[in-house]
Every structure is written in structure tokens, then in C-alpha cells.
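Engineer: Quick one, start35.txt (compact mmCIF, C-alpha atoms):
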# COMPACT_ATOMS: atom_id res chain seq x y z
CA MET L 26 0.00 0.00 0.00
CA CYS L 27 1.38 3.42 -0.95
CA ASP L 28 0.39 7.03 -1.61
CA ALA L 29 0.11 8.72 -5.00
CA SER L 30 3.87 9.33 -5.13
CA GLY L 31 4.67 5.68 -4.48
CA SER L 32 5.81 6.15 -0.87
CA PRO L 33 4.87 3.19 1.37
CA LEU L 34 2.03 3.63 3.89
CA THR L 35 2.13 1.86 7.25
CA MET L 36 0.02 1.74 10.41
CA LEU L 37 2.16 4.62 11.72
CA THR L 38 1.65 6.90 8.71
CA PRO L 39 -0.22 10.03 9.91
CA HIS L 40 -3.48 10.91 8.21
CA ARG L 41 -3.61 13.97 6.00
CA VAL L 42 -6.51 15.57 4.16
CA GLY L 43 -6.65 14.49 0.52
CA LEU L 44 -4.39 11.48 1.00
CA GLU L 45 -4.61 9.12 -1.99
CA VAL L 46 -4.18 5.49 -1.04
CA ARG L 47 -3.23 2.84 -3.57
CA TYR L 48 -3.25 -0.86 -2.86
CA TRP L 49 -2.92 -4.06 -4.83
CA ARG L 50 -5.01 -7.05 -3.87
CA GLU L 51 -3.40 -10.47 -3.80
CA VAL L 52 -5.01 -12.83 -6.29
CA THR L 53 -3.99 -16.46 -6.09
CA GLU L 54 -4.43 -17.19 -9.79
CA GLN L 55 -4.97 -14.98 -12.82
CA THR L 56 -5.77 -16.45 -16.21
CA PRO L 57 -3.65 -14.85 -18.95
CA ILE L 58 -5.65 -12.76 -21.41
CA ALA L 59 -4.71 -13.16 -25.06
CA GLY L 60 -3.67 -10.15 -27.12
CA GLU L 61 -0.99 -7.55 -26.62
CA GLU L 62 -1.31 -3.85 -25.90
CA VAL L 63 0.15 -1.45 -28.48
CA ILE L 64 1.57 1.92 -27.44
CA ILE L 65 0.41 4.53 -29.95
CA HIS L 66 1.98 7.55 -28.25
CA ALA L 67 4.05 8.29 -25.15
CA ASP L 68 5.48 11.52 -23.74
CA ALA L 69 6.14 13.00 -20.31
CA ASP L 70 2.43 13.70 -19.70
CA LEU L 71 0.37 11.38 -21.87
CA VAL L 72 0.32 7.75 -23.01
CA VAL L 73 -2.15 6.48 -25.61
CA ALA L 74 -2.41 2.73 -26.07
CA ASP L 75 -4.51 0.16 -27.89
CA LYS L 76 -6.32 -2.32 -25.65
CA PRO L 77 -7.14 -5.78 -27.01
CA HIS L 78 -10.59 -7.29 -26.55
CA PHE L 79 -11.31 -8.83 -23.10
CA LEU L 80 -8.50 -6.99 -21.30
CA PRO L 81 -9.78 -4.69 -18.50
CA VAL L 82 -8.46 -1.13 -18.43
CA ALA L 83 -7.71 -1.18 -14.69
CA PRO L 84 -7.78 -3.70 -11.82
CA THR L 85 -11.27 -4.88 -10.95
CA GLY L 86 -12.81 -8.08 -9.64
CA GLU L 87 -10.64 -11.07 -10.51
CA TRP L 88 -8.34 -9.05 -12.77
CA VAL L 89 -5.31 -7.34 -11.24
CA GLU L 90 -2.12 -7.95 -13.19
CA GLN L 91 -4.06 -8.88 -16.33
CA THR L 92 -5.13 -5.30 -17.05
CA LEU L 93 -3.97 -2.64 -19.48
CA LEU L 94 -2.88 -0.36 -16.64
CA ARG L 95 -0.63 -2.93 -14.98
CA ARG L 96 0.82 -4.08 -18.29
CA LEU L 97 1.75 -0.51 -19.19
CA GLN L 98 3.11 0.26 -15.72
CA ASN L 99 5.36 -2.80 -15.91
CA ARG L 100 6.38 -2.12 -19.51
CA LEU L 101 7.11 1.59 -19.10
CA GLY L 102 8.25 1.53 -15.49
CA VAL L 103 5.84 4.34 -14.58
CA ASP L 104 3.91 3.56 -11.39
CA ALA L 105 2.15 6.95 -11.49
CA LEU L 106 0.36 6.02 -14.72
CA ALA L 107 -3.43 6.44 -14.40
CA PRO L 108 -6.28 5.98 -16.93
CA LEU L 109 -8.06 9.18 -17.96
CA HIS L 110 -11.19 7.28 -19.02
CA ARG L 111 -12.46 3.71 -19.38
CA ILE L 112 -13.82 1.50 -22.13
CA ASP L 113 -15.58 -1.82 -21.58
CA ARG L 114 -13.46 -4.92 -21.06
CA THR L 115 -14.98 -6.42 -24.21
CA THR L 116 -14.32 -3.30 -26.31
CA ALA L 117 -10.96 -2.90 -28.06
CA GLY L 118 -9.09 0.23 -29.04
CA LEU L 119 -7.67 3.48 -27.74
CA VAL L 120 -7.30 4.38 -24.07
CA MET L 121 -5.56 7.51 -22.79
CA PHE L 122 -3.40 7.56 -19.65
CA SER L 123 -1.94 10.37 -17.57
CA VAL L 124 1.77 10.05 -16.78
CA ASN L 125 2.36 13.17 -14.68
CA PRO L 126 0.13 13.72 -11.62
CA LYS L 127 0.83 17.47 -11.85
CA THR L 128 -0.83 17.75 -15.28
CA ARG L 129 -3.46 15.04 -14.79
CA ALA L 130 -6.36 17.37 -13.95
CA ALA L 131 -5.91 19.29 -17.21
CA TYR L 132 -6.35 16.10 -19.24
CA HIS L 133 -9.23 14.88 -17.05
CA ASP L 134 -11.03 18.13 -17.88
CA LEU L 135 -11.06 17.20 -21.57
CA PHE L 136 -13.51 14.43 -20.71
CA ARG L 137 -15.36 16.21 -17.92
CA LEU L 138 -16.03 19.26 -20.10
CA ARG L 139 -16.63 17.21 -23.28
CA ARG L 140 -13.74 18.80 -25.11
CA ILE L 141 -12.55 15.59 -26.70
CA GLY L 142 -13.87 14.00 -29.87
CA LYS L 143 -14.28 10.22 -29.66
CA VAL L 144 -15.04 8.00 -32.65
CA TYR L 145 -15.93 4.32 -32.45
CA HIS L 146 -16.44 1.75 -35.20
CA ALA L 147 -18.92 -1.11 -34.87
CA LEU L 148 -20.20 -4.02 -36.91
CA ALA L 149 -23.95 -4.58 -36.59
CA PRO L 150 -26.95 -5.72 -38.64
CA PRO L 151 -28.28 -3.45 -41.41
CA LEU L 152 -30.80 -0.69 -40.72
CA PRO L 153 -32.12 0.00 -44.23
CA GLU L 154 -35.25 1.74 -42.93
CA GLN L 155 -33.24 4.46 -41.16
CA GLN L 156 -31.96 7.71 -42.64
CA PHE L 157 -28.28 8.39 -41.91
CA PRO L 158 -26.59 10.11 -40.29
CA LEU L 159 -28.95 9.90 -37.34
CA THR L 160 -28.69 10.97 -33.72
CA ARG L 161 -30.00 8.76 -30.93
CA ARG L 162 -30.97 10.57 -27.72
CA SER L 163 -32.46 8.77 -24.73
CA HIS L 164 -32.55 8.56 -20.95
CA LEU L 165 -30.25 5.81 -19.68
CA THR L 166 -30.54 4.29 -16.21
CA ARG L 167 -29.17 1.25 -14.40
CA GLY L 168 -31.15 -1.85 -15.27
CA THR L 169 -31.46 -5.45 -14.09
CA PRO L 170 -29.09 -7.10 -13.33
CA PHE L 171 -27.15 -4.13 -11.96
CA PHE L 172 -24.46 -4.24 -14.64
CA ARG L 173 -26.90 -3.68 -17.52
CA ILE L 174 -28.16 -0.31 -18.68
CA GLU L 175 -31.59 0.40 -20.16
CA GLU L 176 -33.50 3.20 -21.85
CA THR L 177 -36.35 4.59 -19.75
CA PRO L 178 -38.74 7.54 -20.11
CA GLY L 179 -37.25 10.85 -19.11
CA GLU L 180 -35.15 13.76 -20.25
CA PRO L 181 -32.38 12.47 -22.55
CA ASN L 182 -29.02 12.19 -20.81
CA ALA L 183 -27.20 10.25 -23.54
CA GLU L 184 -26.56 11.17 -27.17
CA THR L 185 -24.85 9.29 -30.01
CA ARG L 186 -24.39 10.28 -33.66
CA ILE L 187 -24.47 7.28 -35.98
CA GLU L 188 -23.24 7.06 -39.57
CA VAL L 189 -22.84 4.15 -41.98
CA LEU L 190 -19.35 3.57 -43.36
CA THR L 191 -19.87 0.41 -45.42
CA ARG L 192 -22.86 -1.83 -46.14
CA GLY L 193 -22.39 -5.59 -46.26
CA SER L 194 -24.98 -8.28 -46.79
CA ARG L 195 -24.98 -9.48 -43.16
CA LEU L 196 -23.32 -6.63 -41.27
CA TRP L 197 -22.83 -2.91 -41.78
CA ARG L 198 -19.84 -0.99 -40.50
CA TYR L 199 -21.01 1.98 -38.43
CA GLU L 200 -19.25 5.07 -37.15
CA LEU L 201 -20.43 6.03 -33.68
CA ARG L 202 -19.70 9.42 -32.13
CA PRO L 203 -20.82 9.64 -28.49
CA HIS L 204 -21.54 13.16 -27.28
CA THR L 205 -21.96 11.85 -23.73
CA GLY L 206 -20.08 9.06 -21.96
CA HIS L 207 -22.58 6.82 -20.20
CA LYS L 208 -21.77 3.20 -19.43
CA HIS L 209 -22.71 0.89 -22.34
CA GLN L 210 -24.20 3.88 -24.18
CA LEU L 211 -23.22 2.77 -27.68
CA ARG L 212 -24.30 -0.81 -27.12
CA VAL L 213 -27.69 0.22 -25.72
CA HIS L 214 -28.36 2.77 -28.47
CA MET L 215 -27.54 0.33 -31.26
CA ALA L 216 -29.64 -2.43 -29.69
CA ALA L 217 -32.55 -0.02 -29.24
CA LEU L 218 -32.45 0.76 -32.96
CA GLY L 219 -32.71 -2.95 -33.72
CA ALA L 220 -29.05 -3.47 -34.64
CA ALA L 221 -27.27 -4.92 -31.62
CA ILE L 222 -23.50 -4.85 -32.09
CA ASP L 223 -22.18 -8.18 -33.36
CA GLY L 224 -20.94 -10.36 -30.50
CA ASP L 225 -22.80 -8.46 -27.76
CA THR L 226 -23.79 -10.83 -24.97
CA TYR L 227 -25.61 -8.15 -22.90
CA TYR L 228 -27.94 -6.44 -25.37
CA PRO L 229 -30.71 -6.71 -26.33
CA VAL L 230 -30.88 -9.95 -24.31
CA LEU L 231 -28.50 -11.04 -21.57
CA LEU L 232 -26.98 -14.34 -22.64
CA GLN L 233 -25.88 -17.05 -20.23
CA ALA L 234 -22.46 -16.38 -18.76
CA ALA L 235 -19.69 -18.23 -20.55
CA ALA L 236 -15.94 -18.09 -21.03
CA ASP L 237 -14.63 -15.31 -23.27
CA ASN L 238 -15.05 -16.23 -26.93
CA TYR L 239 -11.92 -14.96 -28.66
CA ALA L 240 -13.31 -16.16 -31.98
CA ARG L 241 -16.26 -13.79 -31.67
CA PRO L 242 -15.47 -10.68 -29.62
CA LEU L 243 -17.74 -7.69 -29.34
CA SER L 244 -17.37 -5.86 -32.66
CA LEU L 245 -16.82 -2.46 -31.08
CA LEU L 246 -13.59 -0.50 -31.47
CA ALA L 247 -12.49 2.80 -29.93
CA HIS L 248 -11.15 4.07 -33.23
CA SER L 249 -9.83 7.60 -32.70
CA VAL L 250 -9.66 10.59 -30.36
CA SER L 251 -9.02 14.24 -31.13
CA PHE L 252 -8.59 17.27 -28.88
CA ARG L 253 -6.74 20.52 -28.29
CA ASP L 254 -3.91 19.77 -25.91
CA PRO L 255 -4.57 21.61 -22.64
CA LEU L 256 -0.85 22.17 -22.06
CA SER L 257 0.44 23.23 -25.47
CA GLY L 258 -2.77 24.34 -27.19
CA ILE L 259 -1.88 22.18 -30.21
CA SER L 260 -4.57 20.10 -31.94
CA ARG L 261 -3.85 16.41 -31.49
CA SER L 262 -5.43 13.23 -32.81
CA PHE L 263 -4.68 9.53 -32.42
CA THR L 264 -6.02 6.54 -34.37
CA THR L 265 -6.08 2.89 -33.40
CA SER L 266 -3.83 0.34 -35.05
CA LEU L 267 -6.54 -2.32 -34.68
CA LYS L 268 -9.18 -3.44 -37.18
CA LEU L 269 -12.63 -4.95 -36.88
CA SER L 270 -13.36 -8.05 -38.89
CA ALA L 271 -16.64 -9.91 -39.16
CA SER L 272 -16.68 -13.27 -37.38
Can you turn what I pasted into C-alpha cells?
Structural biologist:
Amino acid sequence: MCDASGSPLTMLTPHRVGLEVRYWREVTEQTPIAGEEVIIHADADLVVADKPHFLPVAPTGEWVEQTLLRRLQNRLGVDALAPLHRIDRTTAGLVMFSVNPKTRAAYHDLFRLRRIGKVYHALAPPLPEQQFPLTRRSHLTRGTPFFRIEETPGEPNAETRIEVLTRGSRLWRYELRPHTGHKHQLRVHMAALGAAIDGDTYYPVLLQAAADNYARPLSLLAHSVSFRDPLSGISRSFTTSLKLSAS
């Protein structure tokens, strides 16, 4: 157990207001997760990396060492590394990390103030009856079980712009631009339109829990991000090195 600077904390460490405590749980056995992370960009303040399908962004539940955060910390030797946002474990693609705690708040504000453009690609069934581009707005709330999200009546709190990139016979390739960042937002919006993302085991119907199917991952990819750097003022953009392919 240590503080944000990496200094060890003990029973004799005095309390101070704002103290950040970090700890690592001991897990007896962790199943290796296939796929390797790819570092897209790294500097003194920011790391951008590609996450493979099924790899969590940060430690949670049974996953501790088998996470993108821990892999990058071990690879780069930067214990202070911290994710600036999250994507689902089953989603692949770009994740941004803060390197320097002193500049972290400036990059966090990009997401908090919606000053970052995020583009996702997805493979899903055709929607020939819809006119594109279209914008889906709805009110999202926690559903049942607790880890699912559902649309309910109410003032919209989630918004996604949807465009078609290519049209195949079984699946279309969609471009999804979330204006808001609610959990499972893209998956819920596509399912609500009648085009659940290929490989989705949560929406529109929760399928029986099973081992990760590497042959058929969720066909959702965090494709690119763009923003004005809060430190330099320069426009920056990053694009994934990964591709979606129909199973």
C-alpha cells in the first residue's frame, strides 16, 4: 500500500486531508488474457495505447495484473500512470493515460467538459429503414441485473451520432460518435435501434455467462480521439492500429 507518489504507507503513517491510497489485492491465480497492448503515443504527460478485446483497463474483480494499466506500468516503469477514461473490457481500441500527476487534472477536464472527440467503429446488422446520419438521444438508467443499462422515459441524458461507413450483406460498419459518456451507451443505443453490435452478450438480451469467446469478440472499437492539448494548445489526434473483422 502506498500514496500517490509511491511512498509506502504503514500503520504509523499520519493521516492527512486528501491522502490518496493505492493498494494491490493479492489474487492467487490470474488467467492470462490473449492479445498484446500497443503503445500509440508516449510523452512526459500522456500515453495512448490500444487495448485488445477482453483486457480490463484497470484492476477490478478477478483481474489485477491482467489489465492494461498494470501491463503498461510494468512495460514503461511508470507507477504513477493512471487511466483518464475507461472503455468496456470487451471493447478494443484506444485508451488515454496520464503520466504526470501534476498535469493530470488538465487532461481529465477534456472528458469532464466534453472537449474531446471520440469516434468508435462497430459491426452490426443493417438498418435500411433508417436515414443516416442519425442521432439517438435517450434517458439511460441502471437496469437489471445491476451491470446492464436500459432506456427509460425521461429527459435524454445520452446522445450518439451514428453514420454508416460500409454496407455488407450481413453486417454494416457503423461510425459512432458519443456526445456523452454513459456506461454501455453505444451498445444500448444500437440495440434499441434494432441493430445490436455483433458479438454483444448483454444487449438486447443477456446471454448465459460463458468463457470469453476470442473467436467472436464484441465488434466495437475505440477508433480515434481528437482534442486541443490543454498544455500546449496544439490540436492532437490519435487513431487505433486495430481493425474490426466480421466473425
Engineer: Please, which residues in region 111-197 of chain L fall within 7 Å of region 241-260 of chain L when counting only C-alpha atoms, and what is the closest atom pair and distance in Å to one decimal for each, ordered by chain then residue number, as a Markdown table?
Structural biologist:
| residue | atom | partner | partner_atom | distance |
| --- | --- | --- | --- | --- |
| L:Thr115 | CA | L:Leu243 | CA | 6.0 |
| L:Thr116 | CA | L:Leu245 | CA | 5.5 |
| L:Ala117 | CA | L:Leu246 | CA | 4.9 |
| L:Gly118 | CA | L:Ala247 | CA | 4.4 |
| L:Leu119 | CA | L:Ala247 | CA | 5.3 |
| L:Ala131 | CA | L:Pro255 | CA | 6.1 |
| L:Tyr132 | CA | L:Pro255 | CA | 6.7 |
| L:Arg140 | CA | L:Phe252 | CA | 6.6 |
| L:Ile141 | CA | L:Phe252 | CA | 4.8 |
| L:Gly142 | CA | L:Ser251 | CA | 5.0 |
| L:Lys143 | CA | L:Val250 | CA | 4.7 |
| L:Val144 | CA | L:Ser249 | CA | 5.2 |
| L:Tyr145 | CA | L:Ala247 | CA | 4.5 |
| L:His146 | CA | L:Leu246 | CA | 5.2 |
| L:Ala147 | CA | L:Leu245 | CA | 4.5 |
| L:Leu148 | CA | L:Ser244 | CA | 5.4 |
Engineer: May I have the residues within 12 Å of Asp237 (chain L) as a list of chain:residue names, using only C-alpha atoms and disregarding those fewer than 4 positions away in the same chain?
Structural biologist: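 The filter keeps L:Thr56, L:Pro57, L:Ile58, L:Ala59, L:His78, L:Phe79, L:Leu80, L:Arg114, L:Thr115, L:Gly224, L:Asp225, L:Thr226, L:Gln233, L:Arg241, L:Pro242, L:Leu243.
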Engineer: Contacts of region 187-196 of chain L at 10 Å or less, counting only C-alpha atoms, minus same-chain residues fewer than 4 places along, as a PyMOL selection string?
Structural biologist: chain L and resi 145-153+156-161+200-203+211+214-215+220+222-223+271
Engineer: Would you put the residues from that selection into a file with C-alpha atoms, as a PDB file, keeping the file's coordinate frame?
Structural biologist:
ATOM      1  CA  TYR L 145     -15.930   4.320 -32.450  1.00  0.00           C
ATOM      2  CA  HIS L 146     -16.440   1.750 -35.200  1.00  0.00           C
ATOM      3  CA  ALA L 147     -18.920  -1.110 -34.870  1.00  0.00           C
ATOM      4  CA  LEU L 148     -20.200  -4.020 -36.910  1.00  0.00           C
ATOM      5  CA  ALA L 149     -23.950  -4.580 -36.590  1.00  0.00           C
ATOM      6  CA  PRO L 150     -26.950  -5.720 -38.640  1.00  0.00           C
ATOM      7  CA  PRO L 151     -28.280  -3.450 -41.410  1.00  0.00           C
ATOM      8  CA  LEU L 152     -30.800  -0.690 -40.720  1.00  0.00           C
ATOM      9  CA  PRO L 153     -32.120   0.000 -44.230  1.00  0.00           C
ATOM     10  CA  GLN L 156     -31.960   7.710 -42.640  1.00  0.00           C
ATOM     11  CA  PHE L 157     -28.280   8.390 -41.910  1.00  0.00           C
ATOM     12  CA  PRO L 158     -26.590  10.110 -40.290  1.00  0.00           C
ATOM     13  CA  LEU L 159     -28.950   9.900 -37.340  1.00  0.00           C
ATOM     14  CA  THR L 160     -28.690  10.970 -33.720  1.00  0.00           C
ATOM     15  CA  ARG L 161     -30.000   8.760 -30.930  1.00  0.00           C
ATOM     16  CA  GLU L 200     -19.250   5.070 -37.150  1.00  0.00           C
ATOM     17  CA  LEU L 201     -20.430   6.030 -33.680  1.00  0.00           C
ATOM     18  CA  ARG L 202     -19.700   9.420 -32.130  1.00  0.00           C
ATOM     19  CA  PRO L 203     -20.820   9.640 -28.490  1.00  0.00           C
ATOM     20  CA  LEU L 211     -23.220   2.770 -27.680  1.00  0.00           C
ATOM     21  CA  HIS L 214     -28.360   2.770 -28.470  1.00  0.00           C
ATOM     22  CA  MET L 215     -27.540   0.330 -31.260  1.00  0.00           C
ATOM     23  CA  ALA L 220     -29.050  -3.470 -34.640  1.00  0.00           C
ATOM     24  CA  ILE L 222     -23.500  -4.850 -32.090  1.00  0.00           C
ATOM     25  CA  ASP L 223     -22.180  -8.180 -33.360  1.00  0.00           C
ATOM     26  CA  ALA L 271     -16.640  -9.910 -39.160  1.00  0.00           C
TER      27      ALA L 271
END
Engineer: Would you compute the distance between CA of Leu231 (chain L) and CA of Thr265 (chain L)? Give it in Å to one decimal.
Structural biologist: 28.9 Å
Engineer: Between L:Arg95, L:Arg137, L:Arg41, L:Arg111, which has the minimum distance to Lys208 (chain L) (counting all atoms listed in the file)?
Structural biologist: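 Selected residue with least distance to Lys208 (chain L): L:Arg111.
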Engineer: With distances taken over all atoms listed in the file, which residue among L:Thr35, L:Gln98, L:Thr128, L:Thr166 lies nearest Ile64 (chain L)?
Structural biologist: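 Of L:Thr35, L:Gln98, L:Thr128, L:Thr166, the one nearest Ile64 (chain L), counting all atoms listed in the file, is L:Gln98.
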Engineer: Using all atoms listed in the file, which residue out of L:His164, L:Arg96, L:Arg198, L:Arg47 lies closest to Gln210 (chain L)?
Structural biologist: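 Answer, going by the shortest atom-to-atom distance: L:His164.
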Engineer: Counting only C-alpha atoms, select every polymer residue within 7 Å of (-4.2, 4.8, -3.2) as defined in the file's coordinates, and provide the selection as an MDAnalysis selection string.
Structural biologist: chainID L and resid 27:29 45:48
Engineer: Find the spatial neighbours of Val63 (chain L), counting all atoms listed in the file, within a cut-off of 10 Å - ignore same-chain residues fewer than 2 positions away - and output them as a ChimeraX atom specification.
Structural biologist: /L:60-61,65-66,73-77,93,97,118-119,265-267
Engineer: Do you have the CA of Tyr227 (chain L)-CA of Trp88 (chain L) distance handy?
Structural biologist: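 Computing the Euclidean distance for CA of Tyr227 (chain L) and CA of Trp88 (chain L) yields 20.0 Å.
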Engineer: Suppose you want the space between CA of Glu90 (chain L) and CA of Gln55 (chain L); what is it in Å?
Structural biologist: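 So the answer is 7.6 Å.
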Engineer: Restricting the calculation to all atoms listed in the file, which member of L:Leu218, L:Leu34, L:Tyr239, L:Ser270 is positioned closest to Glu154 (chain L)?
Structural biologist: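 Residue with the minimum atom-to-atom distance to Glu154 (chain L): L:Leu218.
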